[in-house]
Amino acid sequence: MTIGARWGMAALATLLLGATDEPAASPIRFDQVGFEADGPKRFAIETTAPVDWTLRTEAGDAVANGSAKPVPDAGSDQSVATVTIDRHLAPGRYTLAANGVVSRPIIVAERPFAALFRDAMSFFYQQRAGIPILAAHVQRPDLARPAGHSHEVATCFTGTDTLGVVWPGCNAKVDVTGGWYDAGDRGKYVVNAGISVWTLLNAYERAHGGALMHDGVLALPEAGNAVPDLLDEARYEIDWMLRMQIPAGTRVAVLAADGRGTRMIEGGGLAWHKVADTHWAALPLRVEDDHATRALYPPSTAATLNLAAVAAQAARIWRTIDPAFARRCLDAAIRAYAAAAREPALFADARFTGSGGYGDRTVADEAYWAAAELAITTGDANAVAALSQSPFGARGAPGAIGWGDTATLGAISLLSVRSNVPADLIAVQRRALLAGADRLLADDAAQPYRFPAASGDTQWGSNGALLDRAVLLGTAYDLTGRVEYRTAVTDALDYVLGRNPLDRSYVSGYGVRPMRNPHHRFWGHGIDPSFPLPPPGVLSGGPNSVAMTDPVAAAMKGRCRPLTCWSDDARAFTQNEVAINWNAPLVWVAAFLDDTRGRR
Ligand code: 9MR
């Protein structure tokens with residue numbers, strides 16, 4: 001397969017559709033990428049009157065019809081009728097007519113999401129620090145760029161933080177080259193690296209060698225090395241995470257107990273929380289023009305446990321692929337787990353400017369996750385004991401997934417990978433996970449737009465959070481084979497690809513009304529047209545009705561609803577940034593749906 005054929009449609013659409021070519025919003029909203037021939041086809045119609053609807057083939061033959069009544073949608077203040085067509089449709093193009101309005105073309109395909117998987121994975125390649133992004137591997141020539149931070153040797157932050165604490169710096173000079181840039185900024189954060197890598201690796205582990213989990217599937221420099229490409233991409237980040245572990249015998253400054261100064265501790269085994277700019281950099285900004293000063297920031301317990309969890313997960317996956325790498329990972333995981341036990345209360349926060357905080361004061365969930373990954377990989381008695389003693393061992397993980405909510409990641413690993421962990425410890429997680437998935441089914445049924453989330457405010461990264469719920473639901477499907485769970489996964493993806501109150505595809509390059517102007521330092525076309533548009537396959541953070549702190553959101557305050565507080569504006573960093581932890585569940589969901597297609 002040539003690159004051209006591989007990237008074909010999406011790239012072409014991005015090239016050809018200038019901003020002015022975008023069709024107006026339609027009252028008939030649905031997944032703009034396509035429906036599976038066998039899967040459910042759902043539509044949301046904004047209407048105040050009951051509708052009679054007819055689905056027609058391209059040739060004009062009616063294949064289904066019915067009627068639907070609108071209900072109020074709290075998330076948007078719209079009045080919305082829902083239509084579900086739950087039968088096989090031959091691949092092709094269709095239209096839905098409702099009360100005289102005809103929809104844009106509806107695509108039905110055998111494998112609508114395989115290309116999305118590839119493009120969503122390419123996001124990670126294009127976020128790589130340390131190596132040039134080559135034209136041969138990207139969807140358009142203007143996406144190629146020189147390496148950023150190609151030899152990144154950093155030392156500890158020195159100076160006064162925004163809360164007035166003076167940090168002494170350190171003698172350490174650490175090579176932290178590589179890894180992925182987090183998002184629109186070029187910070188590299190161990191906490192967010194953890195959930196992102198875990199999600200990719202779990203997509204691999206749950207698939208048991210599915211069609212997309214092979215070598216040569218992605219456009220990558222490593223393609224052809226006989227290792228599945230998804231693993232090559234994940235390893236790029238894991239290699240960096242390993243560099244973020246502090247060597248034994250290193251003295252490091254951390255916040256003193258009273259929070260007013262610093263104290264020195266032995267850092268061995270802990271992970272630096274992040275390496276990032278010391279001031280917020282301009283946007284847009286090409287890597288070759290980015291000369292911002294960077295620093296290593298104090299180790300945190302959460303980062304250390306993220307490293308322990310992911311390194312333990314990697315150790316079992318690479319055991320046969322690269323035993324030496326697997327041993328390095330396991331050694332790092334064991335040292336990190338011990339270091340986190342030694343320093344259980346090193347909490348990051350938002351005191352440093354120039355980068356995000358990823359601060360989290362509750363790390364029992366990270367500890368459970370790390371213990372689960374270690375227990376699965378090694379059967380270690382201490383890790384198993386930690387599982388049963390954890391609050392999440394008795395009551396099960398809560399089901400919510402996010403960079404600061406990671407117990408469920410451990411639960412999912414316990415449920416998707418065979419291990420010697422005692423069956424009763426796994427059974428608790430199975431019950432809790434299915435109860436959580438059932439709650440999501442009820443939430444989905446109560447939404448006129450049909451997606452698995454409760455009504456209410458939307459948070460920063462709401463689209464990523466929705467797809468994280470789909471990961472839970474997909475796992476529930478894997479465990480039970482109950483098609484309702486799989487349908488809810490489709491619902492989540494349908495929502496981000498167009499069945500939403502803004503009639504928007506939140507994924508760049510996909511659908512006829514895609515996001516185009518992410519908050520991103522390189523894909524900054526929305527602010528300076530000499531910068532590229534984003535590649536296809538990148539997920540916008542999504543509506544955010546809570547943290548309306550950027551200038552675009554500030555102007556929308558009081559004038560939008562939870563599902564409409566969003567703007568395709570590069571300045572809207574609370575709404576339209578892109579990030580590794582949001583694209584990772586997009587990859588997971590696209591791979592899952594492709595892998596389980598036809599299984600209804
Ligand atoms: O995803 C993060 C979100 O949960 C937080 O509310 C927000 C503010 O702290 O930060 C988000 O993460 C950002 C990170 O701090 C820096 N890189 C960009 C991330 C996405 O916006």
# chains A, B, ... in the order shown; residues from 1 in each chain; ligands from 1
>>> residues_near_ligand(ligand="ligand 1", cutoff="6 Å", atoms="only C-alpha atoms and all ligand atoms", output="list of chain:residue names")
A:Asp182, A:Ala183, A:Asp185, A:Ser355, A:Gly356, A:Gly357, A:Tyr358, A:Trp460, A:Gly461, A:Glu577, A:Ala579
>>> write_last_selection(atoms="N, CA, C and O atoms", output="short mmCIF file (atom, residue, chain, number, x, y, z; two decimals), in the first residue's frame")
data_model
loop_
_atom_site.label_atom_id
_atom_site.label_comp_id
_atom_site.auth_asym_id
_atom_site.auth_seq_id
_atom_site.Cartn_x
_atom_site.Cartn_y
_atom_site.Cartn_z
N ASP A 182 3.20 17.23 24.80
CA ASP A 182 1.92 16.89 25.44
C ASP A 182 0.71 17.28 24.61
O ASP A 182 -0.27 16.55 24.53
N ALA A 183 0.77 18.47 23.99
CA ALA A 183 -0.48 19.04 23.49
C ALA A 183 -0.14 20.19 22.56
O ALA A 183 0.76 20.07 21.73
N ASP A 185 1.13 22.84 23.72
CA ASP A 185 2.41 23.29 24.30
C ASP A 185 3.46 22.21 24.07
O ASP A 185 3.16 21.12 23.60
N SER A 355 3.92 26.03 31.93
CA SER A 355 3.48 24.66 31.63
C SER A 355 2.28 24.34 32.50
O SER A 355 1.95 25.05 33.44
N GLY A 356 1.62 23.22 32.18
CA GLY A 356 0.45 22.79 32.95
C GLY A 356 0.86 22.18 34.28
O GLY A 356 2.02 21.80 34.48
N GLY A 357 -0.09 22.08 35.20
CA GLY A 357 0.20 21.57 36.53
C GLY A 357 0.15 20.04 36.63
O GLY A 357 1.02 19.43 37.21
N TYR A 358 -0.89 19.45 36.05
CA TYR A 358 -1.16 18.03 36.27
C TYR A 358 -0.96 17.69 37.74
O TYR A 358 -0.33 16.70 38.09
N TRP A 460 -12.91 20.63 30.93
CA TRP A 460 -11.75 20.71 30.02
C TRP A 460 -11.44 19.31 29.47
O TRP A 460 -11.24 18.37 30.25
N GLY A 461 -11.45 19.17 28.16
CA GLY A 461 -11.17 17.84 27.58
C GLY A 461 -12.39 16.93 27.58
O GLY A 461 -12.25 15.71 27.66
N GLU A 577 -7.86 22.84 22.44
CA GLU A 577 -6.50 22.31 22.41
C GLU A 577 -6.59 20.82 22.02
O GLU A 577 -7.68 20.25 21.94
N ALA A 579 -4.47 16.95 22.67
CA ALA A 579 -3.54 16.41 23.67
C ALA A 579 -3.41 14.90 23.54
O ALA A 579 -4.33 14.22 23.06
#
>>> closest_atom_pairs(of="range 205-307 of chain A", to="range 174-181 of chain A", cutoff="12 Å", atoms="only C-alpha atoms", output="Markdown table")
| residue | atom | partner | partner_atom | distance |
| --- | --- | --- | --- | --- |
| A:Asp232 | CA | A:Gly179 | CA | 11.9 |
| A:Glu233 | CA | A:Gly179 | CA | 9.6 |
| A:Ala234 | CA | A:Gly179 | CA | 9.2 |
| A:Arg235 | CA | A:Gly179 | CA | 8.8 |
| A:Tyr236 | CA | A:Gly179 | CA | 5.7 |
| A:Glu237 | CA | A:Gly179 | CA | 4.3 |
| A:Ile238 | CA | A:Gly179 | CA | 7.4 |
| A:Asp239 | CA | A:Gly179 | CA | 7.2 |
| A:Trp240 | CA | A:Gly179 | CA | 5.0 |
| A:Met241 | CA | A:Gly179 | CA | 7.5 |
| A:Leu242 | CA | A:Val176 | CA | 9.0 |
| A:Arg243 | CA | A:Val176 | CA | 5.6 |
| A:Met244 | CA | A:Val176 | CA | 6.5 |
| A:Gln245 | CA | A:Val176 | CA | 9.7 |
| A:Ile246 | CA | A:Val174 | CA | 8.8 |
| A:Pro247 | CA | A:Val174 | CA | 9.8 |
| A:Thr250 | CA | A:Val174 | CA | 11.1 |
| A:Ala271 | CA | A:Val176 | CA | 11.6 |
| A:Trp272 | CA | A:Val176 | CA | 10.3 |
| A:Lys274 | CA | A:Val176 | CA | 10.0 |
| A:Val275 | CA | A:Val176 | CA | 7.9 |
| A:Ala276 | CA | A:Tyr181 | CA | 9.5 |
| A:Asp277 | CA | A:Tyr181 | CA | 11.6 |
| A:Val287 | CA | A:Tyr181 | CA | 11.1 |
| A:Arg294 | CA | A:Val176 | CA | 11.0 |
| A:Ala295 | CA | A:Val174 | CA | 10.0 |
| A:Leu296 | CA | A:Val174 | CA | 8.5 |
| A:Tyr297 | CA | A:Val174 | CA | 11.8 |
>>> select_by_dssp(residues="range 210-380 of chain A", states="strand (DSSP E)", output="number ranges by chain")
A: 251-255, 262-266, 271-277, 294-300
>>> write_last_selection(atoms="N, CA, C and O atoms", output="CSV table (one decimal), in the first residue's frame")
chain,number,residue,atom,x,y,z
A,251,ARG,N,20.5,14.0,45.0
A,251,ARG,CA,19.8,14.8,45.9
A,251,ARG,C,18.9,15.8,45.2
A,251,ARG,O,19.4,16.5,44.3
A,252,VAL,N,17.6,15.8,45.5
A,252,VAL,CA,16.7,16.7,44.8
A,252,VAL,C,15.9,17.5,45.8
A,252,VAL,O,15.6,17.1,47.0
A,253,ALA,N,15.5,18.7,45.4
A,253,ALA,CA,14.7,19.6,46.3
A,253,ALA,C,13.2,19.3,46.0
A,253,ALA,O,12.8,19.2,44.9
A,254,VAL,N,12.5,19.2,47.1
A,254,VAL,CA,11.0,19.1,47.0
A,254,VAL,C,10.4,20.1,48.0
A,254,VAL,O,11.1,20.7,48.8
A,255,LEU,N,9.1,20.3,47.9
A,255,LEU,CA,8.4,21.2,48.7
A,255,LEU,C,8.5,20.8,50.2
A,255,LEU,O,8.2,19.6,50.5
A,262,THR,N,11.8,24.6,50.6
A,262,THR,CA,12.1,23.3,50.1
A,262,THR,C,12.9,22.5,51.1
A,262,THR,O,13.4,23.1,52.0
A,263,ARG,N,12.9,21.2,50.8
A,263,ARG,CA,13.8,20.4,51.6
A,263,ARG,C,14.5,19.4,50.6
A,263,ARG,O,14.0,19.2,49.5
A,264,MET,N,15.6,18.9,51.0
A,264,MET,CA,16.4,18.0,50.1
A,264,MET,C,16.1,16.5,50.4
A,264,MET,O,16.1,16.2,51.6
A,265,ILE,N,15.9,15.7,49.4
A,265,ILE,CA,15.7,14.3,49.7
A,265,ILE,C,16.5,13.5,48.7
A,265,ILE,O,17.0,14.0,47.7
A,266,GLU,N,16.7,12.2,49.0
A,266,GLU,CA,17.3,11.3,48.1
A,266,GLU,C,16.2,11.0,47.0
A,266,GLU,O,15.1,10.6,47.3
A,271,ALA,N,10.3,9.9,39.7
A,271,ALA,CA,10.3,10.5,38.4
A,271,ALA,C,10.1,12.0,38.5
A,271,ALA,O,9.3,12.4,39.3
A,272,TRP,N,10.9,12.7,37.7
A,272,TRP,CA,10.7,14.1,37.6
A,272,TRP,C,9.2,14.3,37.1
A,272,TRP,O,8.8,13.5,36.3
A,273,HIS,N,8.5,15.3,37.6
A,273,HIS,CA,7.1,15.5,37.2
A,273,HIS,C,7.0,15.8,35.8
A,273,HIS,O,6.1,15.4,35.1
A,274,LYS,N,7.9,16.7,35.3
A,274,LYS,CA,7.8,17.2,33.9
A,274,LYS,C,9.1,17.9,33.5
A,274,LYS,O,9.9,18.3,34.4
A,275,VAL,N,9.3,18.0,32.2
A,275,VAL,CA,10.3,18.9,31.7
A,275,VAL,C,9.6,19.8,30.7
A,275,VAL,O,8.8,19.4,29.9
A,276,ALA,N,9.8,21.1,31.0
A,276,ALA,CA,8.9,22.1,30.3
A,276,ALA,C,9.5,23.5,30.3
A,276,ALA,O,10.5,23.7,31.0
A,277,ASP,N,8.9,24.3,29.5
A,277,ASP,CA,9.3,25.7,29.4
A,277,ASP,C,9.1,26.4,30.7
A,277,ASP,O,8.2,26.2,31.5
A,294,ARG,N,14.1,25.7,29.2
A,294,ARG,CA,13.4,24.5,29.8
A,294,ARG,C,14.0,24.1,31.1
A,294,ARG,O,15.2,24.4,31.4
A,295,ALA,N,13.2,23.5,31.9
A,295,ALA,CA,13.7,23.0,33.2
A,295,ALA,C,13.0,21.7,33.6
A,295,ALA,O,12.0,21.3,33.1
A,296,LEU,N,13.7,20.9,34.5
A,296,LEU,CA,13.1,19.7,35.1
A,296,LEU,C,12.4,20.2,36.3
A,296,LEU,O,12.9,21.1,37.1
A,297,TYR,N,11.2,19.7,36.6
A,297,TYR,CA,10.5,20.1,37.8
A,297,TYR,C,10.4,19.0,38.8
A,297,TYR,O,10.6,17.8,38.5
A,298,PRO,N,10.3,19.3,40.1
A,298,PRO,CA,10.5,18.4,41.2
A,298,PRO,C,9.7,17.1,41.0
A,298,PRO,O,8.6,17.1,40.4
A,299,PRO,N,10.3,16.0,41.5
A,299,PRO,CA,9.6,14.7,41.3
A,299,PRO,C,8.3,14.7,42.1
A,299,PRO,O,8.1,15.4,43.0
A,300,SER,N,7.3,13.9,41.6
A,300,SER,CA,6.0,13.8,42.3
A,300,SER,C,5.7,12.3,42.5
A,300,SER,O,6.2,11.4,41.7
>>> residues_around(residues="Arg327 in chain A", least_positions_apart="4", cutoff="10 Å", atoms="only C-alpha atoms", output="MDAnalysis selection string")
chainID A and resid 311:312 314:316 318:319 322:323 331:333
>>> closest_residue(among="A:Ser196, A:Pro535, A:Leu441, A:Val471", to="Val138 in chain A", atoms="only C-alpha atoms")
A:Pro535
>>> closest_residue(among="A:Leu212, A:Ala411, A:Ala309, A:Ile317", to="Tyr337 in chain A", atoms="only C-alpha atoms")
A:Ala309
>>> closest_residue(among="A:Gly404, A:Pro284, A:Gly399, A:Gly130", to="His520 in chain A", atoms="only C-alpha atoms")
A:Pro284
>>> residues_around(residues="Pro228 in chain A", least_positions_apart="2", cutoff="12 Å", atoms="only C-alpha atoms", output="PDB file with C-alpha atoms, in the first residue's frame")
ATOM      1  CA  LEU A 200      -2.367   2.616  23.481  1.00  0.00           C
ATOM      2  CA  LEU A 201      -0.860  -0.474  25.094  1.00  0.00           C
ATOM      3  CA  TYR A 204      -2.883  -3.618  21.825  1.00  0.00           C
ATOM      4  CA  GLU A 205      -3.373  -6.046  24.715  1.00  0.00           C
ATOM      5  CA  HIS A 208      -4.779 -10.113  20.875  1.00  0.00           C
ATOM      6  CA  GLY A 209      -3.097  -9.523  17.526  1.00  0.00           C
ATOM      7  CA  GLY A 210      -5.975  -7.912  15.577  1.00  0.00           C
ATOM      8  CA  ALA A 211      -5.481  -6.633  12.028  1.00  0.00           C
ATOM      9  CA  LEU A 212      -4.369  -3.127  13.036  1.00  0.00           C
ATOM     10  CA  MET A 213      -1.850  -4.346  15.605  1.00  0.00           C
ATOM     11  CA  HIS A 214       0.865  -5.349  13.155  1.00  0.00           C
ATOM     12  CA  ASP A 215       4.050  -4.034  11.675  1.00  0.00           C
ATOM     13  CA  GLY A 216       3.640  -1.969   8.499  1.00  0.00           C
ATOM     14  CA  VAL A 217       0.159  -0.674   9.387  1.00  0.00           C
ATOM     15  CA  LEU A 218       1.302   2.871  10.196  1.00  0.00           C
ATOM     16  CA  ALA A 219       3.536   5.345   8.386  1.00  0.00           C
ATOM     17  CA  LEU A 220       6.463   5.438  10.813  1.00  0.00           C
ATOM     18  CA  GLU A 222      10.156   2.088  12.457  1.00  0.00           C
ATOM     19  CA  ALA A 223       7.688   0.409  10.062  1.00  0.00           C
ATOM     20  CA  GLY A 224       9.228  -2.815   8.721  1.00  0.00           C
ATOM     21  CA  ASN A 225      11.160  -3.655  11.901  1.00  0.00           C
ATOM     22  CA  ALA A 226       8.958  -6.688  12.605  1.00  0.00           C
ATOM     23  CA  LEU A 230       1.609   0.833  17.655  1.00  0.00           C
ATOM     24  CA  LEU A 231       4.238  -0.597  20.006  1.00  0.00           C
ATOM     25  CA  ASP A 232       7.023   1.294  18.209  1.00  0.00           C
ATOM     26  CA  GLU A 233       5.099   4.513  18.763  1.00  0.00           C
ATOM     27  CA  ALA A 234       4.368   3.764  22.417  1.00  0.00           C
ATOM     28  CA  ARG A 235       8.008   2.834  23.005  1.00  0.00           C
ATOM     29  CA  ILE A 317       4.366  -6.792  26.365  1.00  0.00           C
ATOM     30  CA  TRP A 318       8.027  -6.643  25.303  1.00  0.00           C
ATOM     31  CA  ILE A 321       9.675  -8.887  21.506  1.00  0.00           C
TER      32      ILE A 321
END
>>> select_by_dssp(residues="range 425-511 of chain A", states="alpha helix (DSSP H)", output="number ranges by chain")
A: 425-446, 462-480, 483-496
>>> residues_around(residues="Leu586 in chain A", least_positions_apart="4", cutoff="10 Å", atoms="only C-alpha atoms", output="NGL selection string")
:A and (116-117 or 120-121 or 199-200 or 463-464 or 466-468 or 470-471 or 492-493 or 496 or 507 or 537-539 or 580-582 or 590-592)
>>> write_last_selection(atoms="N, CA, C and O atoms", output="tab-separated table (two decimals), in the first residue's frame")
chain	number	residue	atom	x	y	z
A	116	LEU	N	-9.28	6.10	10.38
A	116	LEU	CA	-9.23	6.98	11.54
A	116	LEU	C	-8.20	6.48	12.56
A	116	LEU	O	-7.46	7.26	13.16
A	117	PHE	N	-8.14	5.17	12.73
A	117	PHE	CA	-7.12	4.59	13.62
A	117	PHE	C	-5.72	5.06	13.18
A	117	PHE	O	-4.91	5.52	13.99
A	120	ALA	N	-5.26	8.84	13.68
A	120	ALA	CA	-5.21	9.17	15.12
A	120	ALA	C	-3.86	8.74	15.70
A	120	ALA	O	-3.32	9.41	16.59
A	121	MET	N	-3.30	7.63	15.22
A	121	MET	CA	-1.97	7.21	15.67
A	121	MET	C	-0.89	8.15	15.15
A	121	MET	O	0.11	8.42	15.83
A	199	THR	N	-3.16	3.63	27.49
A	199	THR	CA	-4.34	3.47	26.63
A	199	THR	C	-3.95	2.81	25.30
A	199	THR	O	-4.64	1.91	24.81
A	200	LEU	N	-2.83	3.25	24.73
A	200	LEU	CA	-2.37	2.62	23.48
A	200	LEU	C	-2.00	1.14	23.73
A	200	LEU	O	-2.38	0.26	22.96
A	463	ASN	N	-14.35	15.90	25.32
A	463	ASN	CA	-14.37	14.87	24.26
A	463	ASN	C	-13.46	13.69	24.62
A	463	ASN	O	-13.79	12.53	24.37
A	464	GLY	N	-12.31	14.00	25.20
A	464	GLY	CA	-11.41	12.93	25.64
A	464	GLY	C	-12.06	12.11	26.74
A	464	GLY	O	-11.99	10.88	26.74
A	466	LEU	N	-15.21	11.65	27.22
A	466	LEU	CA	-16.27	10.82	26.64
A	466	LEU	C	-15.67	9.55	26.03
A	466	LEU	O	-16.20	8.44	26.22
A	467	LEU	N	-14.56	9.71	25.33
A	467	LEU	CA	-13.94	8.52	24.72
A	467	LEU	C	-13.30	7.62	25.78
A	467	LEU	O	-13.22	6.40	25.60
A	468	ASP	N	-12.89	8.19	26.91
A	468	ASP	CA	-12.43	7.34	28.02
A	468	ASP	C	-13.59	6.49	28.54
A	468	ASP	O	-13.40	5.33	28.93
A	470	ALA	N	-15.92	5.44	26.69
A	470	ALA	CA	-16.07	4.41	25.66
A	470	ALA	C	-15.08	3.26	25.87
A	470	ALA	O	-15.37	2.10	25.56
A	471	VAL	N	-13.90	3.59	26.41
A	471	VAL	CA	-12.93	2.53	26.72
A	471	VAL	C	-13.51	1.58	27.78
A	471	VAL	O	-13.42	0.35	27.67
A	492	ALA	N	-20.50	7.10	21.46
A	492	ALA	CA	-19.49	8.08	21.87
A	492	ALA	C	-18.72	8.59	20.65
A	492	ALA	O	-18.49	9.80	20.50
A	493	LEU	N	-18.35	7.68	19.77
A	493	LEU	CA	-17.60	8.10	18.58
A	493	LEU	C	-18.49	8.91	17.64
A	493	LEU	O	-18.06	9.93	17.09
A	496	VAL	N	-18.56	12.53	18.78
A	496	VAL	CA	-17.40	13.39	18.44
A	496	VAL	C	-17.26	13.57	16.93
A	496	VAL	O	-16.64	14.52	16.48
A	507	VAL	N	-12.98	15.99	15.07
A	507	VAL	CA	-11.72	15.38	14.62
A	507	VAL	C	-11.29	16.04	13.31
A	507	VAL	O	-12.03	16.00	12.32
A	537	GLY	N	-7.21	13.50	11.83
A	537	GLY	CA	-7.17	12.52	12.92
A	537	GLY	C	-6.83	13.07	14.28
A	537	GLY	O	-6.45	12.32	15.17
A	538	VAL	N	-6.99	14.39	14.47
A	538	VAL	CA	-6.65	14.99	15.76
A	538	VAL	C	-7.93	15.46	16.45
A	538	VAL	O	-8.73	16.19	15.88
A	539	LEU	N	-8.11	15.03	17.69
A	539	LEU	CA	-9.34	15.31	18.44
A	539	LEU	C	-9.24	16.62	19.22
A	539	LEU	O	-8.29	16.83	19.98
A	580	ILE	N	-2.27	14.39	24.00
A	580	ILE	CA	-2.00	12.96	23.86
A	580	ILE	C	-3.03	12.11	24.61
A	580	ILE	O	-3.41	11.05	24.14
A	581	ASN	N	-3.50	12.59	25.76
A	581	ASN	CA	-4.45	11.76	26.53
A	581	ASN	C	-5.85	11.80	25.95
A	581	ASN	O	-6.71	11.03	26.36
A	582	TRP	N	-6.10	12.69	24.99
A	582	TRP	CA	-7.41	12.69	24.32
A	582	TRP	C	-7.34	11.91	23.01
A	582	TRP	O	-8.30	11.24	22.64
A	590	ALA	N	-11.35	3.62	17.86
A	590	ALA	CA	-11.32	3.29	16.43
A	590	ALA	C	-10.83	1.85	16.23
A	590	ALA	O	-11.39	1.09	15.44
A	591	ALA	N	-9.79	1.48	16.98
A	591	ALA	CA	-9.26	0.11	16.86
A	591	ALA	C	-10.27	-0.92	17.34
A	591	ALA	O	-10.48	-1.95	16.70
A	592	PHE	N	-10.91	-0.61	18.46
A	592	PHE	CA	-11.89	-1.54	19.04
A	592	PHE	C	-13.05	-1.77	18.07
A	592	PHE	O	-13.45	-2.92	17.83
>>> decode(residues="range 569-589 of chain A", atoms="N, CA and C atoms", output="PDB file, in the first residue's frame")
ATOM      1  N   ASP A 569     -11.475  27.831  17.409  1.00  0.00           N
ATOM      2  CA  ASP A 569     -10.605  29.007  17.452  1.00  0.00           C
ATOM      3  C   ASP A 569      -9.294  28.626  18.144  1.00  0.00           C
ATOM      4  N   ALA A 570      -8.189  28.922  17.480  1.00  0.00           N
ATOM      5  CA  ALA A 570      -6.874  28.525  18.006  1.00  0.00           C
ATOM      6  C   ALA A 570      -6.532  29.201  19.335  1.00  0.00           C
ATOM      7  N   ARG A 571      -7.199  30.314  19.639  1.00  0.00           N
ATOM      8  CA  ARG A 571      -6.913  30.973  20.920  1.00  0.00           C
ATOM      9  C   ARG A 571      -7.673  30.333  22.078  1.00  0.00           C
ATOM     10  N   ALA A 572      -8.627  29.467  21.740  1.00  0.00           N
ATOM     11  CA  ALA A 572      -9.504  28.889  22.767  1.00  0.00           C
ATOM     12  C   ALA A 572      -8.843  27.670  23.405  1.00  0.00           C
ATOM     13  N   PHE A 573      -7.848  27.928  24.254  1.00  0.00           N
ATOM     14  CA  PHE A 573      -7.101  26.778  24.789  1.00  0.00           C
ATOM     15  C   PHE A 573      -7.905  25.946  25.781  1.00  0.00           C
ATOM     16  N   THR A 574      -8.973  26.495  26.347  1.00  0.00           N
ATOM     17  CA  THR A 574      -9.796  25.660  27.252  1.00  0.00           C
ATOM     18  C   THR A 574     -10.792  24.788  26.483  1.00  0.00           C
ATOM     19  N   GLN A 575     -10.947  25.058  25.184  1.00  0.00           N
ATOM     20  CA  GLN A 575     -11.953  24.341  24.385  1.00  0.00           C
ATOM     21  C   GLN A 575     -11.345  23.560  23.221  1.00  0.00           C
ATOM     22  N   ASN A 576     -10.300  24.123  22.620  1.00  0.00           N
ATOM     23  CA  ASN A 576      -9.886  23.582  21.322  1.00  0.00           C
ATOM     24  C   ASN A 576      -8.409  23.222  21.264  1.00  0.00           C
ATOM     25  N   GLU A 577      -7.859  22.844  22.443  1.00  0.00           N
ATOM     26  CA  GLU A 577      -6.498  22.308  22.408  1.00  0.00           C
ATOM     27  C   GLU A 577      -6.589  20.824  22.019  1.00  0.00           C
ATOM     28  N   VAL A 578      -5.477  20.245  21.703  1.00  0.00           N
ATOM     29  CA  VAL A 578      -5.419  18.817  21.398  1.00  0.00           C
ATOM     30  C   VAL A 578      -4.380  18.218  22.341  1.00  0.00           C
ATOM     31  N   ALA A 579      -4.465  16.953  22.665  1.00  0.00           N
ATOM     32  CA  ALA A 579      -3.544  16.413  23.672  1.00  0.00           C
ATOM     33  C   ALA A 579      -3.415  14.896  23.538  1.00  0.00           C
ATOM     34  N   ILE A 580      -2.274  14.392  23.996  1.00  0.00           N
ATOM     35  CA  ILE A 580      -1.998  12.958  23.861  1.00  0.00           C
ATOM     36  C   ILE A 580      -3.025  12.107  24.610  1.00  0.00           C
ATOM     37  N   ASN A 581      -3.503  12.587  25.764  1.00  0.00           N
ATOM     38  CA  ASN A 581      -4.448  11.757  26.534  1.00  0.00           C
ATOM     39  C   ASN A 581      -5.850  11.798  25.948  1.00  0.00           C
ATOM     40  N   TRP A 582      -6.103  12.687  24.988  1.00  0.00           N
ATOM     41  CA  TRP A 582      -7.414  12.694  24.322  1.00  0.00           C
ATOM     42  C   TRP A 582      -7.343  11.907  23.012  1.00  0.00           C
ATOM     43  N   ASN A 583      -6.232  11.987  22.308  1.00  0.00           N
ATOM     44  CA  ASN A 583      -6.133  11.197  21.075  1.00  0.00           C
ATOM     45  C   ASN A 583      -5.962   9.705  21.368  1.00  0.00           C
ATOM     46  N   ALA A 584      -5.416   9.384  22.548  1.00  0.00           N
ATOM     47  CA  ALA A 584      -5.198   7.958  22.851  1.00  0.00           C
ATOM     48  C   ALA A 584      -6.517   7.177  22.901  1.00  0.00           C
ATOM     49  N   PRO A 585      -7.559   7.660  23.604  1.00  0.00           N
ATOM     50  CA  PRO A 585      -8.819   6.900  23.549  1.00  0.00           C
ATOM     51  C   PRO A 585      -9.487   6.965  22.173  1.00  0.00           C
ATOM     52  N   LEU A 586      -9.179   7.973  21.372  1.00  0.00           N
ATOM     53  CA  LEU A 586      -9.691   7.965  19.983  1.00  0.00           C
ATOM     54  C   LEU A 586      -9.086   6.777  19.232  1.00  0.00           C
ATOM     55  N   VAL A 587      -7.798   6.569  19.427  1.00  0.00           N
ATOM     56  CA  VAL A 587      -7.130   5.393  18.840  1.00  0.00           C
ATOM     57  C   VAL A 587      -7.784   4.111  19.350  1.00  0.00           C
ATOM     58  N   TRP A 588      -7.968   4.046  20.672  1.00  0.00           N
ATOM     59  CA  TRP A 588      -8.517   2.823  21.301  1.00  0.00           C
ATOM     60  C   TRP A 588      -9.882   2.496  20.703  1.00  0.00           C
ATOM     61  N   VAL A 589     -10.740   3.517  20.625  1.00  0.00           N
ATOM     62  CA  VAL A 589     -12.116   3.305  20.164  1.00  0.00           C
ATOM     63  C   VAL A 589     -12.139   2.925  18.679  1.00  0.00           C
TER      64      VAL A 589
END
